[in-house]
Amino acid sequence: MPTLTWDERNDLAQQFSPRLVLFPEQQNLGRPGLDAKITGDYHPRTVELLLTRGTIQSGFLQSPRPATLDRLAACKSESDQLLIRGKHLPSRNDAWRTYFDLLNTGAPQFPLTTYARVQTRAEANARAAELTNEKIARGEIGRPFFTDARDDDLAIQYWFCYFYDDWANQHEGDWEGICIFLRHDEKKYRAVGASYYAHETGKRRHWAEVERESDDHPRVFVAAGSHASYFQYVDGGYLTTVPGFIIPFIAIRLNVNFSTNKFDRVPNHRDYKPLEPRVELLPDPIEPPGKNDPAFEHQKWLAFRGSWGVKFLGKLGHAGPTGPSHKGLKWHNPFVWMERHCTPDFLVY
């Protein structure tokens with residue numbers, strides 16, 4: 001199986017790291033869920049920010065315990081919850097206040113961050129074979145970016161961890177991301193395309209059509225509140241269809257056979273300078289060579305099977321999301337997931 005060293009993966013993750021176009025992280029502008037053209041927004045920061053006031057709820061009979069990385073790793077059930085604010089009900093206004101309380105007391109501890117995962121096609125195919133509920137056809141290779149499959153084709157996923165989702169629906173915690181696909185030619189890797197995650201699906205573009213800062217850093221236009229990732233600024237935003245019914249006023253999404261339409265507002269890079277996040281390489285599918293490398297700490301939160309946020313109304317309501325490594329095919333084989341779930345994104349002139 002072809003492989004890359006830890007240092008080679010880290011170099012590639014740095015080379016293609018995204019530049020994020022975000023609404024300002026300013027409390028006085030108001031939370032992103034307000035009906036206004038310009039608001040503030042949450043920015044993607046380290047996992048530790050979500051643990052600072054968080055508690056872990058394991059079952060109804062146990063009292064919540066203070067959240068730590070070790071306790072996240074010890075959780076074994078999908079029903080476990082990380083209560084990010086330490087409370088049992090979501091609240092958009094309280095989340096907005098809490099967020100800035102945390103930043104005002106410890107912002108240097110929680111820098112703007114993206115978590116990168118670099119895997120070859122051979123590694124992705126091996127991992128996807130572990131999924132008992134997914135059958136991959138021979139021709140599913142990551143079209144249209146690839147017309148043939150090579151074991152050393154590469155997918156670099158960049159994951160963004162947000163404190164709160166404040167959009168048409170609301171919930172604690174938010175994991176969003178993008179993926180860049182590369183092919184090895186003439187002794188180096190070149191990008192061939194990208195997929196941007198938006199809600200539960202995504203969009204894709206060939207690399208030549210991706211807006212970039214310098215040669216290799218793609219711009220990611222982050223929607224206010226929902227944090228869906230888009231390829232470019234569109235005045236008025238993107239009309240989005242979300243599965244489920246959203247209860248007015250309390251903004252809770254029910255998992256029922258219904259759809260809700262809502263606009264995603266994105267900032268203009270001419271108004272807001274694209275930001276460079278710190279890149280943290282995840283120890284998967286390979287580990288760092290040094291046994292004391294701090295990257296090993298990421299294995300603890302990656303192992304957490306529960307929800308990153310309080311569950312409200314049980315299975316009927318849409319709660320905080322699962323973490324990246326528990327997103328099925330999207331994590332295990334982003335080549336095939338892109339082909340199945342990402343539609344073409346056409347340039348808007």
# chains A, B, ... in the order shown; residues from 1 in each chain; ligands from 1
>>> residues_around(residues="Tyr42 in chain A", least_positions_apart="6", cutoff="8 Å", atoms="only C-alpha atoms", output="list in words")
Glu25, Pro32, Tyr162, Phe163, Tyr164 and Gly225 of chain A
>>> select_by_dssp(residues="range 97-331 of chain A", states="strand (DSSP E or B)", output="JSON, numbers by chain")
{"A": [113, 114, 115, 116, 117, 118, 119, 120, 154, 155, 156, 157, 158, 159, 160, 161, 162, 163, 164, 165, 166, 170, 171, 172, 173, 174, 175, 176, 177, 178, 179, 180, 181, 182, 183, 184, 185, 188, 189, 190, 191, 192, 193, 194, 195, 196, 197, 198, 201, 202, 203, 204, 205, 206, 212, 213, 217, 218, 219, 220, 221, 222, 229, 230, 238, 239, 240, 241, 242, 243, 244, 245, 246, 247, 252, 253, 254, 255, 256, 257, 258, 259, 260, 261, 262, 263, 264, 275, 278, 279, 280, 281, 307, 317]}
>>> closest_residue(among="A:Pro144, A:Pro267, A:Pro283, A:Gly177", to="Tyr158 in chain A", atoms="only C-alpha atoms")
A:Gly177
>>> residues_around(residues="Tyr189 in chain A", least_positions_apart="4", cutoff="10 Å", atoms="only C-alpha atoms", output="PyMOL selection string")
chain A and resi 12+152-154+181-185
>>> write_last_selection(atoms="C-alpha atoms", output="tab-separated table (two decimals), in the first residue's frame")
chain	number	residue	atom	x	y	z
A	12	LEU	CA	0.82	18.98	2.05
A	152	ASP	CA	-1.54	7.19	-4.36
A	153	ASP	CA	-4.37	9.62	-5.20
A	154	LEU	CA	-4.82	11.88	-2.20
A	181	PHE	CA	-8.27	16.01	-4.07
A	182	LEU	CA	-4.77	15.58	-5.49
A	183	ARG	CA	-2.95	13.43	-8.03
A	184	HIS	CA	0.75	12.64	-8.08
A	185	ASP	CA	2.38	13.72	-11.35
>>> closest_residue(among="A:Phe145, A:Trp301, A:Phe160, A:Phe221", to="Arg190 in chain A", atoms="only C-alpha atoms")
A:Phe145
>>> select_by_dssp(residues="range 6-233 of chain A", states="helix (DSSP H, G or I)", output="ChimeraX atom specification")
/A:6-15,27-29,47-51,69-74,92-109,121-128,207-209
>>> closest_atom_pairs(of="range 99-200 of chain A", to="range 14-24 of chain A", cutoff="9 Å", atoms="only C-alpha atoms", output="Markdown table")
| residue | atom | partner | partner_atom | distance |
| --- | --- | --- | --- | --- |
| A:Thr114 | CA | A:Ser17 | CA | 8.5 |
| A:Ala116 | CA | A:Ser17 | CA | 8.5 |
| A:Ile156 | CA | A:Phe16 | CA | 8.5 |
| A:Tyr158 | CA | A:Ser17 | CA | 7.7 |
| A:Ile178 | CA | A:Pro18 | CA | 8.8 |
| A:Ile180 | CA | A:Phe16 | CA | 7.9 |
| A:Ala191 | CA | A:Phe16 | CA | 8.6 |
>>> write_last_selection(atoms="C-alpha atoms", output="compact mmCIF listing (two decimals), in the first residue's frame")
# COMPACT_ATOMS: atom_id res chain seq x y z
CA THR A 114 -8.57 23.64 11.15
CA ALA A 116 -6.48 18.24 8.63
CA ILE A 156 -7.00 16.22 2.28
CA TYR A 158 -10.03 20.17 6.56
CA ILE A 178 -13.94 20.85 2.86
CA ILE A 180 -9.15 18.81 -1.65
CA ALA A 191 -4.75 19.56 -6.90
>>> atom_distance(atom1="CA of Cys179 in chain A", atom2="CA of Tyr197 in chain A")
8.2 Å
>>> residues_around(residues="Val348 in chain A", least_positions_apart="5", cutoff="10 Å", atoms="only C-alpha atoms", output="number ranges by chain")
A: 231-234
